>>> print(open('my_file19.cif').read())   # mmCIF, N, CA and C atoms
data_protein
loop_
_atom_site.label_atom_id
_atom_site.label_comp_id
_atom_site.auth_asym_id
_atom_site.auth_seq_id
_atom_site.Cartn_x
_atom_site.Cartn_y
_atom_site.Cartn_z
N GLY A 1 92.27 79.64 80.02
CA GLY A 1 93.57 79.30 80.53
C GLY A 1 93.68 77.82 80.83
N GLY A 2 94.86 77.30 80.67
CA GLY A 2 95.12 75.89 80.93
C GLY A 2 95.60 75.65 82.34
N GLU A 3 96.12 74.45 82.54
CA GLU A 3 96.62 74.08 83.86
C GLU A 3 97.75 75.02 84.27
N GLY A 4 97.71 75.46 85.51
CA GLY A 4 98.71 76.38 86.02
C GLY A 4 98.43 77.83 85.66
N SER A 5 97.28 78.10 85.05
CA SER A 5 96.97 79.48 84.67
C SER A 5 96.40 80.25 85.86
N LEU A 6 96.63 81.55 85.82
CA LEU A 6 96.14 82.43 86.87
C LEU A 6 95.81 83.78 86.25
N SER A 7 94.62 84.27 86.51
CA SER A 7 94.23 85.61 86.07
C SER A 7 93.27 86.19 87.09
N TYR A 8 93.02 87.48 86.98
CA TYR A 8 92.12 88.12 87.93
C TYR A 8 91.51 89.37 87.32
N ASP A 9 90.36 89.74 87.84
CA ASP A 9 89.68 90.98 87.50
C ASP A 9 89.16 91.52 88.82
N LEU A 10 89.92 92.43 89.43
CA LEU A 10 89.64 92.90 90.78
C LEU A 10 89.47 94.41 90.80
N THR A 11 88.60 94.88 91.68
CA THR A 11 88.40 96.31 91.90
C THR A 11 88.59 96.60 93.37
N TRP A 12 89.46 97.55 93.67
CA TRP A 12 89.70 97.99 95.04
C TRP A 12 88.97 99.31 95.23
N THR A 13 88.21 99.44 96.34
CA THR A 13 87.45 100.64 96.64
C THR A 13 87.82 101.12 98.04
N ALA A 14 88.17 102.39 98.15
CA ALA A 14 88.57 102.96 99.45
C ALA A 14 87.37 103.02 100.39
N ASP A 15 87.63 102.74 101.66
CA ASP A 15 86.61 102.87 102.70
C ASP A 15 86.60 104.25 103.34
N PHE A 16 87.71 104.99 103.22
CA PHE A 16 87.82 106.34 103.76
C PHE A 16 88.99 107.04 103.07
N PRO A 17 89.10 108.36 103.19
CA PRO A 17 90.21 109.07 102.54
C PRO A 17 91.57 108.60 103.06
N ALA A 18 92.60 108.78 102.24
CA ALA A 18 93.96 108.41 102.63
C ALA A 18 94.39 109.18 103.87
N VAL A 19 95.17 108.52 104.73
CA VAL A 19 95.68 109.12 105.96
C VAL A 19 97.18 109.36 105.79
N TRP A 20 97.58 110.61 105.88
CA TRP A 20 99.00 110.96 105.78
C TRP A 20 99.69 110.68 107.11
N GLU A 21 100.85 110.04 107.06
CA GLU A 21 101.67 109.89 108.25
C GLU A 21 102.55 111.13 108.37
N PRO A 22 103.11 111.37 109.57
CA PRO A 22 104.00 112.52 109.72
C PRO A 22 105.20 112.42 108.77
N HIS A 23 105.71 113.57 108.34
CA HIS A 23 106.92 113.65 107.51
C HIS A 23 108.10 113.13 108.34
N HIS A 24 108.81 112.12 107.82
CA HIS A 24 109.92 111.50 108.55
C HIS A 24 111.25 112.06 108.06
N THR A 25 112.11 112.45 108.98
CA THR A 25 113.47 112.84 108.64
C THR A 25 114.42 112.26 109.67
N GLN A 26 115.63 111.93 109.20
CA GLN A 26 116.68 111.43 110.09
C GLN A 26 118.00 112.00 109.59
N ARG A 27 118.77 112.56 110.48
CA ARG A 27 120.07 113.15 110.13
C ARG A 27 121.18 112.50 110.92
N ARG A 28 122.35 112.46 110.32
CA ARG A 28 123.58 112.07 111.00
C ARG A 28 124.54 113.24 110.80
N GLY A 29 124.69 114.05 111.85
CA GLY A 29 125.44 115.29 111.71
C GLY A 29 124.71 116.21 110.75
N ASP A 30 125.44 116.69 109.72
CA ASP A 30 124.80 117.58 108.74
C ASP A 30 124.27 116.82 107.52
N ARG A 31 124.31 115.49 107.57
CA ARG A 31 123.84 114.69 106.43
C ARG A 31 122.41 114.22 106.64
N LEU A 32 121.60 114.40 105.62
CA LEU A 32 120.23 113.90 105.63
C LEU A 32 120.28 112.43 105.25
N ILE A 33 119.96 111.54 106.16
CA ILE A 33 120.03 110.10 105.94
C ILE A 33 118.71 109.55 105.41
N LEU A 34 117.60 110.05 105.96
CA LEU A 34 116.29 109.56 105.57
C LEU A 34 115.33 110.74 105.53
N GLU A 35 114.57 110.82 104.47
CA GLU A 35 113.48 111.78 104.38
C GLU A 35 112.36 111.09 103.62
N GLY A 36 111.21 110.99 104.22
CA GLY A 36 110.14 110.24 103.58
C GLY A 36 108.77 110.76 103.90
N ARG A 37 107.88 110.51 102.96
CA ARG A 37 106.45 110.78 103.11
C ARG A 37 105.72 109.48 102.83
N ARG A 38 104.58 109.29 103.48
CA ARG A 38 103.85 108.05 103.29
C ARG A 38 102.37 108.28 103.60
N PHE A 39 101.52 107.59 102.86
CA PHE A 39 100.11 107.55 103.24
C PHE A 39 99.62 106.12 103.16
N VAL A 40 98.55 105.86 103.89
CA VAL A 40 97.94 104.54 103.93
C VAL A 40 96.43 104.72 103.82
N GLN A 41 95.77 103.74 103.21
CA GLN A 41 94.33 103.81 103.03
C GLN A 41 93.76 102.39 102.99
N ALA A 42 92.75 102.14 103.80
CA ALA A 42 92.11 100.83 103.82
C ALA A 42 90.91 100.83 102.89
N GLY A 43 90.58 99.65 102.36
CA GLY A 43 89.45 99.52 101.48
C GLY A 43 89.01 98.07 101.36
N HIS A 44 88.17 97.80 100.38
CA HIS A 44 87.71 96.44 100.15
C HIS A 44 87.89 96.08 98.67
N VAL A 45 87.87 94.79 98.39
CA VAL A 45 88.15 94.28 97.05
C VAL A 45 86.97 93.43 96.59
N THR A 46 86.60 93.58 95.31
CA THR A 46 85.56 92.77 94.71
C THR A 46 86.03 92.29 93.34
N GLY A 47 85.47 91.21 92.86
CA GLY A 47 85.80 90.71 91.53
C GLY A 47 85.94 89.20 91.53
N VAL A 48 86.89 88.72 90.71
CA VAL A 48 87.09 87.27 90.57
C VAL A 48 88.56 86.97 90.34
N ILE A 49 89.01 85.86 90.91
CA ILE A 49 90.34 85.29 90.64
C ILE A 49 90.10 83.98 89.91
N ARG A 50 90.77 83.77 88.78
CA ARG A 50 90.64 82.53 88.02
C ARG A 50 91.95 81.75 88.14
N ALA A 51 91.86 80.55 88.69
CA ALA A 51 93.03 79.69 88.88
C ALA A 51 92.73 78.31 88.33
N ASP A 52 93.53 77.88 87.36
CA ASP A 52 93.36 76.56 86.75
C ASP A 52 91.92 76.31 86.29
N GLY A 53 91.30 77.34 85.73
CA GLY A 53 89.94 77.19 85.20
C GLY A 53 88.84 77.31 86.22
N THR A 54 89.17 77.57 87.47
CA THR A 54 88.18 77.71 88.53
C THR A 54 88.04 79.18 88.90
N ASP A 55 86.80 79.68 88.92
CA ASP A 55 86.53 81.06 89.34
C ASP A 55 86.37 81.11 90.85
N LEU A 56 87.13 81.99 91.49
CA LEU A 56 87.05 82.21 92.93
C LEU A 56 86.49 83.61 93.16
N PRO A 57 85.25 83.72 93.64
CA PRO A 57 84.67 85.05 93.83
C PRO A 57 85.38 85.82 94.94
N VAL A 58 85.55 87.10 94.73
CA VAL A 58 86.15 87.99 95.72
C VAL A 58 85.07 88.98 96.12
N THR A 59 84.66 88.96 97.39
CA THR A 59 83.59 89.81 97.86
C THR A 59 84.09 90.78 98.93
N ALA A 60 83.43 91.92 99.03
CA ALA A 60 83.82 92.93 100.02
C ALA A 60 83.67 92.42 101.45
N GLU A 61 82.78 91.47 101.67
CA GLU A 61 82.59 90.93 103.01
C GLU A 61 83.76 90.04 103.44
N GLN A 62 84.48 89.46 102.49
CA GLN A 62 85.54 88.52 102.81
C GLN A 62 86.95 89.03 102.53
N TRP A 63 87.08 90.09 101.73
CA TRP A 63 88.40 90.56 101.31
C TRP A 63 88.58 92.04 101.64
N THR A 64 89.72 92.35 102.20
CA THR A 64 90.10 93.75 102.43
C THR A 64 91.41 94.02 101.69
N GLY A 65 91.71 95.27 101.54
CA GLY A 65 92.96 95.65 100.89
C GLY A 65 93.47 96.96 101.45
N ILE A 66 94.77 97.12 101.44
CA ILE A 66 95.41 98.33 101.93
C ILE A 66 96.20 98.96 100.80
N ARG A 67 96.06 100.26 100.64
CA ARG A 67 96.88 101.01 99.69
C ARG A 67 97.92 101.76 100.51
N ASP A 68 99.18 101.56 100.20
CA ASP A 68 100.28 102.12 100.96
C ASP A 68 101.27 102.70 99.96
N ARG A 69 101.49 104.00 100.02
CA ARG A 69 102.44 104.64 99.11
C ARG A 69 103.45 105.41 99.93
N SER A 70 104.71 105.29 99.53
CA SER A 70 105.75 106.06 100.21
C SER A 70 106.80 106.46 99.19
N TRP A 71 107.48 107.55 99.48
CA TRP A 71 108.56 108.00 98.62
C TRP A 71 109.50 108.86 99.45
N GLY A 72 110.70 109.00 98.94
CA GLY A 72 111.69 109.82 99.64
C GLY A 72 113.08 109.25 99.51
N THR A 73 113.97 109.75 100.35
CA THR A 73 115.37 109.34 100.39
C THR A 73 115.54 108.34 101.53
N ARG A 74 116.13 107.18 101.20
CA ARG A 74 116.34 106.15 102.22
C ARG A 74 117.79 105.68 102.18
N PRO A 75 118.30 105.24 103.33
CA PRO A 75 119.67 104.73 103.34
C PRO A 75 119.77 103.38 102.63
N ILE A 76 120.91 103.11 102.03
CA ILE A 76 121.21 101.81 101.42
C ILE A 76 122.15 101.09 102.36
N PRO A 77 121.75 99.91 102.86
CA PRO A 77 122.61 99.18 103.81
C PRO A 77 124.02 98.99 103.27
N GLY A 78 125.00 99.27 104.12
CA GLY A 78 126.40 99.07 103.75
C GLY A 78 127.03 100.24 103.02
N GLU A 79 126.28 101.27 102.71
CA GLU A 79 126.83 102.44 102.03
C GLU A 79 126.72 103.66 102.91
N GLU A 80 127.66 104.59 102.74
CA GLU A 80 127.59 105.87 103.41
C GLU A 80 126.47 106.66 102.73
N GLY A 81 125.39 106.86 103.43
CA GLY A 81 124.23 107.46 102.79
C GLY A 81 124.04 108.91 103.14
N GLY A 82 123.06 109.47 102.53
CA GLY A 82 122.64 110.81 102.84
C GLY A 82 123.20 111.87 101.94
N ARG A 83 122.62 113.06 102.09
CA ARG A 83 123.06 114.22 101.34
C ARG A 83 123.56 115.26 102.33
N ALA A 84 124.59 115.94 101.94
CA ALA A 84 125.14 117.01 102.81
C ALA A 84 124.21 118.20 102.80
#
>>> encode(input="my_file19.cif", output="structure tokens")
Amino acid sequence: GGEGSLSYDLTWTADFPAVWEPHHTQRRGDRLILEGRRFVQAGHVTGVIRADGTDLPVTAEQWTGIRDRSWGTRPIPGEEGGRA
């Protein structure tokens, strides 16, 4: 890669199993405004980041990472949201 180039080869490894958060729901009258599920998981990262031809090592002792996944129905600001 030339000047201004950026690439990486990284591996994320979980430190423990994913933790589920409670199922979230929010209603306004009979309308479901928010319904969501989410989990989070901490881990560590190893590998290399290459920036402008320089290799930057990524070690588990210096780098951590979080995996966060969520899905569901969420309100859109400024709109009448939810399902009846």
>>> residues_around(input="my_file19.cif", residues="Glu61 (chain A)", least_positions_apart="4", cutoff="10 Å", atoms="only C-alpha atoms", output="list in words")
His44, Val45 and Thr46 of chain A
>>> residues_around(input="my_file19.cif", residues="region 47-49 of chain A", least_positions_apart="6", cutoff="5 Å", atoms="all atoms listed in the file", output="list in words")
Ser7, Tyr8, Asp9, Leu10, Thr11, Asp55, Leu56, Pro57 and Val58 of chain A
>>> resolve_selection(input="my_file19.cif", expression="the PyMOL selection byres ((chain A and resi 69-72) around 8)", output="MDAnalysis selection string")
chainID A and resid 34:41 66:68 73:75
>>> closest_residue(input="my_file19.cif", among="A:Asp30, A:Trp12, A:Ala18, A:Leu6", to="Gly43 (chain A)", atoms="all atoms listed in the file")
A:Trp12
>>> select_by_dssp(input="my_file19.cif", residues="chain A", states="strand (DSSP E or B)", output="number ranges by chain")
A: 6-14, 19-20, 24-28, 31-51, 54-58, 64-73, 83
>>> write_last_selection(input="my_file19.cif", atoms="N, CA and C atoms", output="short mmCIF file (atom, residue, chain, number, x, y, z; two decimals), in the frame of the given file")
data_model
loop_
_atom_site.label_atom_id
_atom_site.label_comp_id
_atom_site.auth_asym_id
_atom_site.auth_seq_id
_atom_site.Cartn_x
_atom_site.Cartn_y
_atom_site.Cartn_z
N LEU A 6 96.63 81.55 85.82
CA LEU A 6 96.14 82.43 86.87
C LEU A 6 95.81 83.78 86.25
N SER A 7 94.62 84.27 86.51
CA SER A 7 94.23 85.61 86.07
C SER A 7 93.27 86.19 87.09
N TYR A 8 93.02 87.48 86.98
CA TYR A 8 92.12 88.12 87.93
C TYR A 8 91.51 89.37 87.32
N ASP A 9 90.36 89.74 87.84
CA ASP A 9 89.68 90.98 87.50
C ASP A 9 89.16 91.52 88.82
N LEU A 10 89.92 92.43 89.43
CA LEU A 10 89.64 92.90 90.78
C LEU A 10 89.47 94.41 90.80
N THR A 11 88.60 94.88 91.68
CA THR A 11 88.40 96.31 91.90
C THR A 11 88.59 96.60 93.37
N TRP A 12 89.46 97.55 93.67
CA TRP A 12 89.70 97.99 95.04
C TRP A 12 88.97 99.31 95.23
N THR A 13 88.21 99.44 96.34
CA THR A 13 87.45 100.64 96.64
C THR A 13 87.82 101.12 98.04
N ALA A 14 88.17 102.39 98.15
CA ALA A 14 88.57 102.96 99.45
C ALA A 14 87.37 103.02 100.39
N VAL A 19 95.17 108.52 104.73
CA VAL A 19 95.68 109.12 105.96
C VAL A 19 97.18 109.36 105.79
N TRP A 20 97.58 110.61 105.88
CA TRP A 20 99.00 110.96 105.78
C TRP A 20 99.69 110.68 107.11
N HIS A 24 108.81 112.12 107.82
CA HIS A 24 109.92 111.50 108.55
C HIS A 24 111.25 112.06 108.06
N THR A 25 112.11 112.45 108.98
CA THR A 25 113.47 112.84 108.64
C THR A 25 114.42 112.26 109.67
N GLN A 26 115.63 111.93 109.20
CA GLN A 26 116.68 111.43 110.09
C GLN A 26 118.00 112.00 109.59
N ARG A 27 118.77 112.56 110.48
CA ARG A 27 120.07 113.15 110.13
C ARG A 27 121.18 112.50 110.92
N ARG A 28 122.35 112.46 110.32
CA ARG A 28 123.58 112.07 111.00
C ARG A 28 124.54 113.24 110.80
N ARG A 31 124.31 115.49 107.57
CA ARG A 31 123.84 114.69 106.43
C ARG A 31 122.41 114.22 106.64
N LEU A 32 121.60 114.40 105.62
CA LEU A 32 120.23 113.90 105.63
C LEU A 32 120.28 112.43 105.25
N ILE A 33 119.96 111.54 106.16
CA ILE A 33 120.03 110.10 105.94
C ILE A 33 118.71 109.55 105.41
N LEU A 34 117.60 110.05 105.96
CA LEU A 34 116.29 109.56 105.57
C LEU A 34 115.33 110.74 105.53
N GLU A 35 114.57 110.82 104.47
CA GLU A 35 113.48 111.78 104.38
C GLU A 35 112.36 111.09 103.62
N GLY A 36 111.21 110.99 104.22
CA GLY A 36 110.14 110.24 103.58
C GLY A 36 108.77 110.76 103.90
N ARG A 37 107.88 110.51 102.96
CA ARG A 37 106.45 110.78 103.11
C ARG A 37 105.72 109.48 102.83
N ARG A 38 104.58 109.29 103.48
CA ARG A 38 103.85 108.05 103.29
C ARG A 38 102.37 108.28 103.60
N PHE A 39 101.52 107.59 102.86
CA PHE A 39 100.11 107.55 103.24
C PHE A 39 99.62 106.12 103.16
N VAL A 40 98.55 105.86 103.89
CA VAL A 40 97.94 104.54 103.93
C VAL A 40 96.43 104.72 103.82
N GLN A 41 95.77 103.74 103.21
CA GLN A 41 94.33 103.81 103.03
C GLN A 41 93.76 102.39 102.99
N ALA A 42 92.75 102.14 103.80
CA ALA A 42 92.11 100.83 103.82
C ALA A 42 90.91 100.83 102.89
N GLY A 43 90.58 99.65 102.36
CA GLY A 43 89.45 99.52 101.48
C GLY A 43 89.01 98.07 101.36
N HIS A 44 88.17 97.80 100.38
CA HIS A 44 87.71 96.44 100.15
C HIS A 44 87.89 96.08 98.67
N VAL A 45 87.87 94.79 98.39
CA VAL A 45 88.15 94.28 97.05
C VAL A 45 86.97 93.43 96.59
N THR A 46 86.60 93.58 95.31
CA THR A 46 85.56 92.77 94.71
C THR A 46 86.03 92.29 93.34
N GLY A 47 85.47 91.21 92.86
CA GLY A 47 85.80 90.71 91.53
C GLY A 47 85.94 89.20 91.53
N VAL A 48 86.89 88.72 90.71
CA VAL A 48 87.09 87.27 90.57
C VAL A 48 88.56 86.97 90.34
N ILE A 49 89.01 85.86 90.91
CA ILE A 49 90.34 85.29 90.64
C ILE A 49 90.10 83.98 89.91
N ARG A 50 90.77 83.77 88.78
CA ARG A 50 90.64 82.53 88.02
C ARG A 50 91.95 81.75 88.14
N ALA A 51 91.86 80.55 88.69
CA ALA A 51 93.03 79.69 88.88
C ALA A 51 92.73 78.31 88.33
N THR A 54 89.17 77.57 87.47
CA THR A 54 88.18 77.71 88.53
C THR A 54 88.04 79.18 88.90
N ASP A 55 86.80 79.68 88.92
CA ASP A 55 86.53 81.06 89.34
C ASP A 55 86.37 81.11 90.85
N LEU A 56 87.13 81.99 91.49
CA LEU A 56 87.05 82.21 92.93
C LEU A 56 86.49 83.61 93.16
N PRO A 57 85.25 83.72 93.64
CA PRO A 57 84.67 85.05 93.83
C PRO A 57 85.38 85.82 94.94
N VAL A 58 85.55 87.10 94.73
CA VAL A 58 86.15 87.99 95.72
C VAL A 58 85.07 88.98 96.12
N THR A 64 89.72 92.35 102.20
CA THR A 64 90.10 93.75 102.43
C THR A 64 91.41 94.02 101.69
N GLY A 65 91.71 95.27 101.54
CA GLY A 65 92.96 95.65 100.89
C GLY A 65 93.47 96.96 101.45
N ILE A 66 94.77 97.12 101.44
CA ILE A 66 95.41 98.33 101.93
C ILE A 66 96.20 98.96 100.80
N ARG A 67 96.06 100.26 100.64
CA ARG A 67 96.88 101.01 99.69
C ARG A 67 97.92 101.76 100.51
N ASP A 68 99.18 101.56 100.20
CA ASP A 68 100.28 102.12 100.96
C ASP A 68 101.27 102.70 99.96
N ARG A 69 101.49 104.00 100.02
CA ARG A 69 102.44 104.64 99.11
C ARG A 69 103.45 105.41 99.93
N SER A 70 104.71 105.29 99.53
CA SER A 70 105.75 106.06 100.21
C SER A 70 106.80 106.46 99.19
N TRP A 71 107.48 107.55 99.48
CA TRP A 71 108.56 108.00 98.62
C TRP A 71 109.50 108.86 99.45
N GLY A 72 110.70 109.00 98.94
CA GLY A 72 111.69 109.82 99.64
C GLY A 72 113.08 109.25 99.51
N THR A 73 113.97 109.75 100.35
CA THR A 73 115.37 109.34 100.39
C THR A 73 115.54 108.34 101.53
N ARG A 83 122.62 113.06 102.09
CA ARG A 83 123.06 114.22 101.34
C ARG A 83 123.56 115.26 102.33
#
>>> atom_distance(input="my_file19.cif", atom1="atom C of Arg50 (chain A)", atom2="atom N of Thr13 (chain A)")
19.9 Å
>>> atom_distance(input="my_file19.cif", atom1="CA of Gly65 (chain A)", atom2="atom N of His23 (chain A)")
23.2 Å
>>> atom_distance(input="my_file19.cif", atom1="atom N of Ala42 (chain A)", atom2="atom N of Thr54 (chain A)")
29.7 Å
>>> closest_residue(input="my_file19.cif", among="A:Glu3, A:Thr59, A:Arg31, A:Thr64", to="Asp15 (chain A)", atoms="only C-alpha atoms")
A:Thr64
>>> decode(input="my_file19.cif", residues="chain A", atoms="C-alpha atoms", output="PDB file, in the first residue's frame")
ATOM      1  CA  GLY A   1       0.000   0.000   0.000  1.00  0.00           C
ATOM      2  CA  GLY A   2       1.041   3.558  -0.687  1.00  0.00           C
ATOM      3  CA  GLU A   3       0.718   6.746   1.270  1.00  0.00           C
ATOM      4  CA  GLY A   4      -2.639   7.011   3.005  1.00  0.00           C
ATOM      5  CA  SER A   5      -3.196   3.251   2.812  1.00  0.00           C
ATOM      6  CA  LEU A   6      -4.828   1.325   5.618  1.00  0.00           C
ATOM      7  CA  SER A   7      -5.392  -2.410   6.006  1.00  0.00           C
ATOM      8  CA  TYR A   8      -5.734  -4.876   8.833  1.00  0.00           C
ATOM      9  CA  ASP A   9      -5.755  -8.566   9.683  1.00  0.00           C
ATOM     10  CA  LEU A  10      -7.432  -8.911  13.076  1.00  0.00           C
ATOM     11  CA  THR A  11      -8.902 -11.776  15.077  1.00  0.00           C
ATOM     12  CA  TRP A  12     -11.405 -11.198  17.870  1.00  0.00           C
ATOM     13  CA  THR A  13     -11.701 -13.942  20.527  1.00  0.00           C
ATOM     14  CA  ALA A  14     -14.434 -14.054  23.172  1.00  0.00           C
ATOM     15  CA  ASP A  15     -13.365 -14.063  26.814  1.00  0.00           C
ATOM     16  CA  PHE A  16     -16.696 -15.543  27.994  1.00  0.00           C
ATOM     17  CA  PRO A  17     -20.089 -16.543  26.544  1.00  0.00           C
ATOM     18  CA  ALA A  18     -22.447 -13.807  25.327  1.00  0.00           C
ATOM     19  CA  VAL A  19     -24.644 -12.213  28.003  1.00  0.00           C
ATOM     20  CA  TRP A  20     -28.288 -11.654  27.082  1.00  0.00           C
ATOM     21  CA  GLU A  21     -29.903  -8.468  28.354  1.00  0.00           C
ATOM     22  CA  PRO A  22     -33.558  -8.544  29.415  1.00  0.00           C
ATOM     23  CA  HIS A  23     -36.156  -8.377  26.616  1.00  0.00           C
ATOM     24  CA  HIS A  24     -37.116  -4.678  26.273  1.00  0.00           C
ATOM     25  CA  THR A  25     -40.635  -3.539  25.444  1.00  0.00           C
ATOM     26  CA  GLN A  26     -42.288  -0.120  25.539  1.00  0.00           C
ATOM     27  CA  ARG A  27     -45.931   0.633  24.783  1.00  0.00           C
ATOM     28  CA  ARG A  28     -47.942   3.795  24.293  1.00  0.00           C
ATOM     29  CA  GLY A  29     -51.534   2.765  24.894  1.00  0.00           C
ATOM     30  CA  ASP A  30     -52.161  -0.287  22.708  1.00  0.00           C
ATOM     31  CA  ARG A  31     -49.233   0.505  20.377  1.00  0.00           C
ATOM     32  CA  LEU A  32     -45.929  -1.315  20.657  1.00  0.00           C
ATOM     33  CA  ILE A  33     -43.328   1.460  20.374  1.00  0.00           C
ATOM     34  CA  LEU A  34     -40.153  -0.476  21.136  1.00  0.00           C
ATOM     35  CA  GLU A  35     -39.366  -4.170  21.285  1.00  0.00           C
ATOM     36  CA  GLY A  36     -35.770  -5.274  21.351  1.00  0.00           C
ATOM     37  CA  ARG A  37     -33.325  -8.008  22.179  1.00  0.00           C
ATOM     38  CA  ARG A  38     -29.627  -7.487  22.723  1.00  0.00           C
ATOM     39  CA  PHE A  39     -26.524  -9.337  23.787  1.00  0.00           C
ATOM     40  CA  VAL A  40     -23.033  -8.184  24.625  1.00  0.00           C
ATOM     41  CA  GLN A  41     -19.754 -10.085  24.816  1.00  0.00           C
ATOM     42  CA  ALA A  42     -16.252  -8.939  25.770  1.00  0.00           C
ATOM     43  CA  GLY A  43     -13.100 -10.331  24.217  1.00  0.00           C
ATOM     44  CA  HIS A  44      -9.611  -9.535  23.016  1.00  0.00           C
ATOM     45  CA  VAL A  45      -8.086  -8.719  19.633  1.00  0.00           C
ATOM     46  CA  THR A  46      -4.860  -9.915  18.018  1.00  0.00           C
ATOM     47  CA  GLY A  47      -3.242  -9.320  14.639  1.00  0.00           C
ATOM     48  CA  VAL A  48      -1.809  -6.349  12.759  1.00  0.00           C
ATOM     49  CA  ILE A  49      -2.924  -2.957  11.458  1.00  0.00           C
ATOM     50  CA  ARG A  50      -0.975  -1.612   8.461  1.00  0.00           C
ATOM     51  CA  ALA A  51      -0.995   2.168   8.037  1.00  0.00           C
ATOM     52  CA  ASP A  52       1.115   3.958   5.425  1.00  0.00           C
ATOM     53  CA  GLY A  53       3.439   0.954   5.170  1.00  0.00           C
ATOM     54  CA  THR A  54       3.950   0.637   8.929  1.00  0.00           C
ATOM     55  CA  ASP A  55       2.859  -2.523  10.761  1.00  0.00           C
ATOM     56  CA  LEU A  56       1.224  -1.867  14.138  1.00  0.00           C
ATOM     57  CA  PRO A  57       0.991  -5.066  16.207  1.00  0.00           C
ATOM     58  CA  VAL A  58      -2.292  -5.720  17.981  1.00  0.00           C
ATOM     59  CA  THR A  59      -1.882  -7.868  21.101  1.00  0.00           C
ATOM     60  CA  ALA A  60      -4.398  -9.305  23.558  1.00  0.00           C
ATOM     61  CA  GLU A  61      -2.583  -7.560  26.410  1.00  0.00           C
ATOM     62  CA  GLN A  62      -3.155  -4.111  24.883  1.00  0.00           C
ATOM     63  CA  TRP A  63      -6.409  -4.420  22.904  1.00  0.00           C
ATOM     64  CA  THR A  64      -9.920  -5.384  23.938  1.00  0.00           C
ATOM     65  CA  GLY A  65     -13.081  -5.606  21.903  1.00  0.00           C
ATOM     66  CA  ILE A  66     -16.799  -5.779  22.543  1.00  0.00           C
ATOM     67  CA  ARG A  67     -19.345  -7.625  20.423  1.00  0.00           C
ATOM     68  CA  ASP A  68     -22.769  -6.007  20.706  1.00  0.00           C
ATOM     69  CA  ARG A  69     -25.771  -7.201  18.713  1.00  0.00           C
ATOM     70  CA  SER A  70     -29.305  -5.924  18.918  1.00  0.00           C
ATOM     71  CA  TRP A  71     -32.450  -6.216  16.854  1.00  0.00           C
ATOM     72  CA  GLY A  72     -36.102  -5.368  17.109  1.00  0.00           C
ATOM     73  CA  THR A  73     -38.613  -2.581  16.561  1.00  0.00           C
ATOM     74  CA  ARG A  74     -37.481   0.943  17.430  1.00  0.00           C
ATOM     75  CA  PRO A  75     -39.170   4.329  17.174  1.00  0.00           C
ATOM     76  CA  ILE A  76     -38.127   6.742  14.413  1.00  0.00           C
ATOM     77  CA  PRO A  77     -37.762  10.295  15.763  1.00  0.00           C
ATOM     78  CA  GLY A  78     -40.488  12.602  14.474  1.00  0.00           C
ATOM     79  CA  GLU A  79     -42.789   9.810  13.287  1.00  0.00           C
ATOM     80  CA  GLU A  80     -45.797   8.192  14.905  1.00  0.00           C
ATOM     81  CA  GLY A  81     -44.268   4.839  15.665  1.00  0.00           C
ATOM     82  CA  GLY A  82     -45.299   1.447  16.770  1.00  0.00           C
ATOM     83  CA  ARG A  83     -47.650  -1.309  15.801  1.00  0.00           C
ATOM     84  CA  ALA A  84     -51.228  -1.641  16.968  1.00  0.00           C
TER      85      ALA A  84
END
